[in-house]
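Shown next: input19.cif, given as mmCIF, C-alpha atoms.
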data_coords
loop_
_atom_site.label_atom_id
_atom_site.label_comp_id
_atom_site.auth_asym_id
_atom_site.auth_seq_id
_atom_site.Cartn_x
_atom_site.Cartn_y
_atom_site.Cartn_z
CA MET A 13 0.00 0.00 0.00
CA THR A 14 1.27 3.44 -0.98
CA GLU A 15 1.92 5.84 1.91
CA LEU A 16 0.63 9.40 1.69
CA ASN A 17 4.13 10.84 1.44
CA GLN A 18 4.84 8.57 -1.56
CA ILE A 19 1.95 9.90 -3.64
CA ASP A 20 2.96 11.60 -6.90
CA LEU A 21 1.28 14.95 -6.33
CA ARG A 22 1.77 16.13 -9.89
CA ALA A 23 0.04 13.08 -11.32
CA LEU A 24 -2.67 13.41 -8.70
CA ALA A 25 -3.41 17.04 -9.60
CA ALA A 26 -3.34 16.10 -13.30
CA GLY A 27 -6.22 13.71 -12.70
CA SER A 28 -4.44 10.35 -12.94
CA LYS A 29 -7.04 7.75 -12.04
CA ARG A 30 -4.45 5.28 -10.78
CA THR A 31 -2.79 7.90 -8.57
CA TRP A 32 -6.17 9.09 -7.25
CA ASP A 33 -7.14 5.53 -6.29
CA ALA A 34 -3.84 5.03 -4.45
CA PHE A 35 -4.22 8.41 -2.73
CA VAL A 36 -7.74 7.55 -1.55
CA VAL A 37 -6.59 4.25 -0.04
CA ALA A 38 -3.68 5.98 1.72
CA ALA A 39 -5.76 8.93 2.95
CA THR A 40 -8.89 7.14 4.12
CA PRO A 41 -7.66 6.08 7.60
CA LEU A 42 -6.63 9.65 8.45
CA ILE A 43 -9.80 11.22 7.05
CA ASN A 44 -11.88 8.61 8.88
CA ALA A 45 -10.15 9.33 12.21
CA VAL A 46 -10.53 13.11 11.90
CA ILE A 47 -14.17 12.90 10.81
CA ARG A 48 -15.08 10.57 13.68
CA ARG A 49 -13.37 12.73 16.30
CA THR A 50 -14.94 15.92 14.95
CA LEU A 51 -18.44 14.49 14.66
CA ALA A 52 -18.32 12.71 18.02
CA SER A 53 -19.98 15.61 19.82
CA TYR A 54 -22.72 15.89 17.19
CA ARG A 55 -24.05 12.36 17.79
CA LEU A 56 -24.47 11.65 14.07
CA SER A 57 -24.89 8.22 12.47
CA GLU A 58 -22.40 5.98 10.68
CA ASP A 59 -23.94 7.08 7.37
CA ASP A 60 -23.13 10.66 8.32
CA VAL A 61 -19.50 9.70 8.90
CA MET A 62 -19.39 8.11 5.44
CA ASP A 63 -21.04 11.12 3.83
CA ALA A 64 -18.76 13.58 5.61
CA ALA A 65 -15.71 11.60 4.43
CA GLN A 66 -17.08 11.69 0.89
CA ASP A 67 -17.41 15.46 1.26
CA VAL A 68 -13.68 15.61 1.89
CA PHE A 69 -12.88 13.68 -1.28
CA VAL A 70 -15.31 15.82 -3.27
CA ARG A 71 -13.61 18.98 -1.99
CA LEU A 72 -10.24 17.65 -3.06
CA CYS A 73 -11.16 16.70 -6.64
CA ALA A 74 -13.83 19.31 -7.41
CA ASN A 75 -13.19 21.93 -10.10
CA ASP A 76 -10.26 20.06 -11.60
CA PHE A 77 -8.59 19.40 -8.22
CA ARG A 78 -8.49 23.09 -7.38
CA LEU A 79 -8.14 22.62 -3.59
CA LEU A 80 -5.50 19.93 -3.99
CA LYS A 81 -3.48 22.27 -6.19
CA THR A 82 -3.28 24.79 -3.32
CA TYR A 83 -1.32 22.32 -1.20
CA ASP A 84 2.34 23.34 -0.83
CA PRO A 85 4.62 20.49 0.29
CA ALA A 86 7.32 22.99 1.30
CA ARG A 87 5.09 24.35 4.09
CA ALA A 88 3.60 21.25 5.71
CA GLY A 89 3.27 17.48 5.29
CA LEU A 90 0.37 16.14 3.24
CA SER A 91 -1.04 14.27 6.27
CA THR A 92 -1.24 17.41 8.39
CA TRP A 93 -2.79 19.50 5.63
CA LEU A 94 -5.26 16.74 4.82
CA ALA A 95 -6.21 16.47 8.49
CA VAL A 96 -6.95 20.22 8.60
CA VAL A 97 -9.04 20.05 5.42
CA SER A 98 -10.93 17.04 6.79
CA ARG A 99 -11.67 18.84 10.03
CA SER A 100 -13.05 21.88 8.16
CA ALA A 101 -15.22 19.67 5.97
CA ALA A 102 -16.51 17.75 8.99
CA VAL A 103 -17.45 20.92 10.85
CA ASP A 104 -19.26 22.28 7.80
CA TYR A 105 -21.09 18.97 7.39
CA ALA A 106 -22.14 18.87 11.04
CA ARG A 107 -23.41 22.45 10.98
CA ARG A 108 -25.57 21.59 8.00
CA ARG A 109 -26.95 18.56 9.83
CA ARG A 110 -27.54 19.52 13.42
CA GLN A 111 -26.32 21.38 16.48
CA ALA A 112 -23.55 19.96 18.64
CA THR A 113 -24.47 18.28 21.91
CA THR A 114 -21.63 17.59 24.30
CA PRO A 115 -21.94 15.52 27.46
CA ILE A 116 -21.49 17.87 30.40
CA ASP A 117 -18.57 15.86 31.79
CA ASP A 118 -16.61 16.48 28.57
CA VAL A 119 -16.86 20.24 28.82
CA PRO A 120 -13.98 22.02 30.59
CA GLU A 121 -15.05 23.63 33.84
CA ALA A 122 -14.02 27.05 32.59
CA ALA A 123 -16.63 26.88 29.82
CA LEU A 124 -19.39 26.05 32.29
CA ALA A 125 -18.52 28.71 34.82
CA VAL A 126 -21.05 31.49 35.21
CA GLU A 127 -19.37 34.86 35.13
CA ASP A 128 -19.85 36.91 38.28
CA ARG A 129 -20.76 40.21 36.73
CA HIS A 130 -20.49 42.01 40.10
CA VAL A 131 -16.73 41.51 39.98
CA GLU A 132 -15.01 43.35 37.21
CA LYS A 133 -12.15 41.32 35.90
CA LEU A 134 -8.75 42.86 35.50
CA LYS A 135 -7.63 43.25 31.94
CA ILE A 136 -4.27 41.93 30.89
CA PRO A 137 -2.39 44.85 29.34
CA GLU A 138 -1.39 44.49 25.73
CA GLY A 139 2.18 43.27 25.49
CA LEU A 140 2.49 42.05 29.08
CA LEU A 141 2.48 38.43 27.89
CA THR A 142 3.60 36.95 24.57
CA GLU A 143 1.06 35.19 22.37
CA ARG A 144 2.76 31.91 23.15
CA GLN A 145 2.46 32.50 26.88
CA ILE A 146 -1.24 33.34 26.57
CA LEU A 147 -1.84 30.24 24.44
CA ILE A 148 -0.13 27.97 26.97
CA LEU A 149 -2.14 29.47 29.83
CA ARG A 150 -5.35 29.01 27.88
CA CYS A 151 -4.57 25.39 27.07
CA LEU A 152 -3.67 24.67 30.69
CA TYR A 153 -6.55 26.46 32.40
CA ASP A 154 -9.33 26.95 29.85
CA GLU A 155 -8.93 23.63 28.02
CA GLU A 156 -7.58 21.79 31.10
CA ARG A 157 -4.90 20.01 29.10
CA ASP A 158 -1.74 18.61 30.59
CA VAL A 159 1.83 19.68 29.87
CA ALA A 160 2.53 16.67 27.61
CA GLU A 161 -0.45 17.44 25.35
CA ILE A 162 0.56 21.09 25.03
CA ALA A 163 4.16 20.14 24.28
CA GLN A 164 2.95 17.81 21.51
CA LEU A 165 0.68 20.53 20.11
CA LEU A 166 3.36 23.22 20.00
CA LYS A 167 6.19 20.90 18.99
CA ILE A 168 8.28 21.94 21.99
CA ASP A 169 9.51 19.92 24.94
CA ALA A 170 7.58 19.68 28.19
CA GLN A 171 10.20 21.65 30.12
CA THR A 172 9.74 24.59 27.74
CA VAL A 173 6.00 24.49 28.42
CA ARG A 174 6.61 24.55 32.19
CA SER A 175 9.18 27.31 31.90
CA THR A 176 6.94 29.46 29.67
CA HIS A 177 4.02 28.91 32.06
CA HIS A 178 6.14 29.88 35.07
CA LYS A 179 7.46 33.08 33.46
CA ALA A 180 3.97 34.12 32.39
CA LEU A 181 2.59 33.76 35.91
CA LEU A 182 5.52 35.66 37.39
CA ARG A 183 4.76 38.56 35.05
CA LEU A 184 1.07 38.48 35.91
CA ARG A 185 1.66 38.39 39.65
CA GLU A 186 4.26 41.16 39.41
CA HIS A 187 1.96 43.38 37.35
CA PHE A 188 -1.15 42.81 39.42
CA ARG A 189 0.58 42.85 42.82
CA GLY A 190 -1.73 44.57 45.26
CA GLU A 191 -4.75 44.15 43.01
CA VAL A 192 -5.01 40.38 43.29
CA PRO A 193 -3.76 38.38 46.25
CA MET B 30 -8.40 36.98 63.28
CA SER B 31 -5.87 37.36 60.47
CA MET B 32 -6.79 39.74 57.65
CA GLU B 33 -4.16 38.34 55.36
CA ARG B 34 -5.62 37.20 52.08
CA THR B 35 -4.79 33.72 50.89
CA PRO B 36 -2.81 33.96 47.65
CA LEU B 37 -4.76 32.86 44.62
CA SER B 38 -3.67 29.66 42.92
CA ASP B 39 -2.27 29.99 39.40
CA LYS B 40 -5.57 28.74 37.99
CA ASP B 41 -7.66 31.14 40.05
CA LEU B 42 -5.35 34.00 39.17
CA TRP B 43 -5.89 33.29 35.47
CA ARG B 44 -9.64 32.94 35.97
CA SER B 45 -9.77 36.29 37.77
CA LEU B 46 -8.41 38.08 34.71
CA ALA B 47 -10.36 39.21 31.65
CA THR B 48 -8.86 36.98 29.01
CA ASP B 49 -11.39 37.31 26.19
CA ARG B 50 -9.83 38.82 23.12
CA VAL B 51 -10.91 39.84 19.68
CA ALA B 52 -10.17 37.02 17.26
CA PRO B 53 -7.65 37.97 14.59
CA THR B 54 -8.40 37.36 10.90
CA ALA B 55 -9.18 33.82 9.77
CA VAL B 56 -6.34 31.33 9.45
CA SER B 57 -5.87 29.51 6.15
CA GLU B 58 -5.72 25.72 6.09
CA MET B 59 -2.18 25.79 4.75
CA ASP B 60 -0.99 28.21 7.46
CA PHE B 61 -2.70 26.18 10.16
CA ALA B 62 -1.06 22.98 8.93
CA ALA B 63 2.36 24.66 8.88
CA TRP B 64 1.76 25.95 12.43
CA LEU B 65 0.73 22.48 13.63
CA GLU B 66 4.04 21.13 12.35
CA GLY B 67 6.00 23.91 14.05
CA ARG B 68 7.37 25.09 10.71
CA LEU B 69 6.53 28.78 10.99
CA SER B 70 8.97 31.52 11.96
CA GLU B 71 8.54 33.00 15.43
CA ALA B 72 6.81 36.07 14.00
CA ASP B 73 4.40 34.06 11.82
CA ALA B 74 3.74 31.58 14.61
CA ALA B 75 2.81 34.43 16.96
CA GLY B 76 -0.05 35.38 14.62
CA ILE B 77 -1.43 31.85 14.67
CA ASP B 78 -0.85 31.61 18.44
CA ALA B 79 -3.04 34.70 18.83
CA ALA B 80 -5.76 33.28 16.58
CA VAL B 81 -5.74 29.93 18.37
CA SER B 82 -5.79 31.46 21.84
CA ALA B 83 -8.66 33.81 20.92
CA ASN B 84 -10.85 31.16 19.24
CA PRO B 85 -11.96 28.17 21.36
CA GLU B 86 -13.07 26.16 18.30
CA LEU B 87 -9.68 26.64 16.62
CA ARG B 88 -7.96 25.73 19.86
CA ARG B 89 -9.93 22.52 20.18
CA ALA B 90 -9.24 21.69 16.53
CA ALA B 91 -5.52 22.19 17.11
CA LEU B 92 -5.46 19.93 20.17
CA GLU B 93 -7.53 17.18 18.56
CA LEU B 94 -5.61 17.15 15.27
CA SER B 95 -2.32 17.13 17.14
CA ASP B 96 -3.55 14.11 19.10
CA ILE B 97 -4.75 12.23 15.99
CA LEU B 98 -1.58 12.91 13.99
CA GLY B 99 0.57 11.62 16.82
CA LYS B 100 -1.04 8.18 16.99
CA PRO B 101 -1.41 5.08 14.79
CA LEU B 102 -4.64 5.26 12.81
CA PRO B 103 -7.33 2.58 12.91
CA ALA B 104 -8.45 1.11 9.59
CA ALA B 105 -11.51 2.61 7.94
CA ALA B 106 -14.42 0.73 6.38
CA PRO B 107 -13.47 -0.38 2.81
CA ARG B 108 -16.67 1.24 1.52
CA MET B 109 -15.27 4.68 2.39
CA ALA B 110 -12.34 4.24 0.00
CA VAL B 111 -14.49 2.68 -2.72
CA ARG B 112 -16.83 5.68 -2.68
CA GLY B 113 -13.91 8.10 -2.77
CA GLN B 114 -12.25 6.30 -5.69
CA ALA B 115 -15.46 6.41 -7.70
CA LEU B 116 -15.32 10.22 -7.80
CA VAL B 117 -12.53 10.25 -10.35
CA GLY B 118 -12.76 8.24 -13.57
CA PHE B 119 -10.72 7.98 -16.72
CA GLU B 120 -12.54 11.07 -17.99
CA ALA B 121 -10.52 13.27 -15.67
CA GLU B 122 -7.28 11.85 -16.97
CA ARG B 123 -8.28 12.16 -20.61
CA ARG B 124 -9.36 15.77 -20.15
CA ALA B 125 -5.94 16.59 -18.80
CA GLU B 126 -4.11 14.78 -21.58
CA ARG B 127 -6.20 16.06 -24.49
CA GLY B 128 -4.23 19.01 -25.80
CA SER B 129 -4.48 19.18 -29.64
CA TRP B 130 -7.52 19.98 -31.80
CA LEU B 131 -7.06 16.68 -33.58
CA ALA B 132 -7.25 14.76 -30.31
CA GLY B 133 -10.39 16.69 -29.58
CA LEU B 134 -12.04 15.20 -32.67
CA LEU B 135 -11.61 11.68 -31.36
CA PRO B 136 -14.51 10.06 -29.53
CA ALA B 137 -14.28 10.13 -25.78
CA PHE B 138 -12.86 6.73 -24.98
CA SER B 139 -9.40 5.35 -24.45
CA ARG B 140 -6.71 6.33 -26.87
CA GLY B 141 -5.73 2.70 -27.58
CA PHE B 142 -9.22 1.75 -28.68
CA ALA B 143 -9.47 4.79 -30.98
CA LEU B 144 -6.23 3.79 -32.68
CA GLN B 145 -7.57 0.30 -33.27
CA ARG B 146 -10.70 1.64 -34.89
CA GLY B 147 -8.67 3.98 -37.07
CA ALA B 148 -6.43 1.14 -38.22
CA LEU B 149 -9.40 -1.09 -39.00
CA ALA B 150 -11.09 1.65 -40.98
CA GLY B 151 -7.92 2.21 -42.99
CA MET B 152 -7.58 -1.46 -43.76
CA ALA B 153 -11.20 -1.64 -44.87
CA VAL B 154 -10.58 1.21 -47.33
CA VAL B 155 -7.48 -0.53 -48.71
CA VAL B 156 -9.30 -3.87 -49.16
CA ALA B 157 -12.21 -2.20 -50.90
CA ALA B 158 -9.91 -0.29 -53.24
CA VAL B 159 -7.88 -3.40 -54.16
CA GLY B 160 -10.98 -5.44 -54.75
CA PHE B 161 -12.45 -2.75 -56.94
CA MET B 162 -9.31 -2.51 -59.04
CA LEU B 163 -9.16 -6.30 -59.49
CA GLY B 164 -12.74 -6.26 -60.70
CA GLY B 165 -11.85 -3.90 -63.54
CA GLY B 166 -12.71 -0.54 -62.18
CA LEU B 167 -15.73 1.73 -62.42
CA GLY B 168 -15.54 2.43 -66.18
CA GLU B 169 -15.59 -1.25 -67.20
CA SER B 170 -18.45 -2.01 -64.91
CA TYR B 171 -20.54 0.84 -66.32
CA ALA B 172 -19.89 -0.13 -69.93
CA THR B 173 -20.81 -3.77 -69.31
CA GLN B 174 -24.09 -2.73 -67.71
CA LYS B 175 -24.92 -0.37 -70.60
CA TYR B 176 -24.36 -2.91 -73.35
CA ALA B 177 -26.04 -5.68 -71.42
CA SER B 178 -29.19 -3.63 -71.04
CA ALA B 179 -29.22 -2.71 -74.78
CA GLN B 180 -29.02 -6.33 -76.15
CA PRO B 181 -31.54 -9.19 -76.06
CA SER B 182 -30.61 -12.03 -73.79
CA GLY B 183 -28.64 -15.02 -75.13
CA VAL B 184 -26.50 -12.99 -77.58
CA THR B 185 -22.79 -13.05 -77.04
CA LEU B 186 -21.43 -9.55 -76.93
CA SER B 187 -18.05 -8.17 -77.75
CA LYS B 188 -17.24 -5.97 -74.89
CA PRO B 189 -15.73 -2.63 -75.96
CA LEU B 190 -13.30 -2.51 -73.06
CA GLY B 191 -11.36 -5.27 -71.43
CA ARG B 192 -11.13 -8.92 -72.33
CA ASP B 193 -14.27 -10.78 -73.32
CA THR B 194 -14.44 -13.98 -71.34
CA THR B 195 -17.93 -15.13 -72.36
CA ASN B 196 -16.60 -17.16 -75.36
CA GLU B 197 -14.13 -18.93 -73.18
CA LEU B 198 -16.92 -20.06 -70.91
CA ASN B 199 -19.04 -21.09 -73.95
CA ASP B 200 -16.06 -22.94 -75.32
CA LEU B 201 -15.74 -24.85 -72.08
CA PHE B 202 -19.37 -26.00 -72.24
CA ALA B 203 -19.07 -26.81 -75.98
CA ASP B 204 -16.00 -28.98 -75.40
CA ALA B 205 -17.84 -30.84 -72.70
CA THR B 206 -20.58 -32.03 -75.02
#
Structure encoded using structure tokens:
Amino acid sequence: MTELNQIDLRALAAGSKRTWDAFVVAATPLINAVIRRTLASYRLSEDDVMDAAQDVFVRLCANDFRLLKTYDPARAGLSTWLAVVSRSAAVDYARRRRQATTPIDDVPEAALAVEDRHVEKLKIPEGLLTERQILILRCLYDEERDVAEIAQLLKIDAQTVRSTHHKALLRLREHFRGEVP
Amino acid sequence: MSMERTPLSDKDLWRSLATDRVAPTAVSEMDFAAWLEGRLSEADAAGIDAAVSANPELRRAALELSDILGKPLPAAAPRMAVRGQALVGFEAERRAERGSWLAGLLPAFSRGFALQRGALAGMAVVVAAVGFMLGGGLGESYATQKYASAQPSGVTLSKPLGRDTTNELNDLFADAT
């Protein structure tokens, strides 16, 4: 079986039937995994998973493979790009079908919290934290992810995540000293 | 009673701050894929970091895709691949290959089959032409018809063009008796 990184992209974009068939076989496991994970919260049927996967293939070959021709191998691997495209297609499919329903236990606590409007929250000044620091804090506290998951996401080692987290909190505590305990 | 406030935990400190931000402009699929692979420069990555931290849906997408791409994938139902393969037929390939006006005149099926038909048609023309020439050609045929229609039946004719073979046949029957 041909791997995704062995697919002749030029032949694929030119419409080679043989190359397309090989590409589909190589891509289906990834597309299937992304579709299933994305649609999990929408509680759709197996037929919906199949149809959403077909949507991905249609997007790729429609209009003389226009979307496929936008892929640039110098910027990212085909698997990663395909996963992103599949996710977009799955979300669009789900929105056309029905609203998302997520079991309450799967929702991070931060998303469920009711904002106390009597307490005005302190704004973080622009430039106090880097975008990377803010993202790590959000993943840790808003998404309730662990250090290993964040390290995998950002392609950095776990110690860098801890170090970035620590520096960010030091800055926040220093800036808001006296205003928050 | 102590009036000292208990320091907030890191989590509570974060939660006490207003962290909602205006989402930056939309991120393209190609940029997002490059960011997921850690291939962007620090400056470019900062833009995607901002977009991801401001948009919960994008953040969740990033975390889930990162998880999927880092693990072995389970097999999919064969039907999924069969349906996908059916979207592209030989038509797509032939449209890409067809470049000249002459190729455009050919019927829309495989090039090999069209060549076979062309060769057969050519051979048929050659066979017909050779057969016609062996039979004496159009002029001889016309003259024979004209004289045959002008004479009563049973009379041996001298054909104006070509060799008269009717006597030879009569001679054969005469010799036999």
Name every residue that the PyMOL selection byres ((chain B) within 6 of (chain A)) selects in this structure, writing the answer as number ranges by chain with chains first and numbers rising.
B: 36-37, 45-47, 62-63, 67, 75, 78-79, 82, 95, 104-105, 110, 113-114, 118-119, 121-122
Record the distance separating atom CA of B:Lys40 and atom CA of A:Val119, expressed in Å with one decimal.
16.8 Å
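Between atom CA of A:Ala106 and atom CA of A:Ala64 lies a distance of 8.3 Å.
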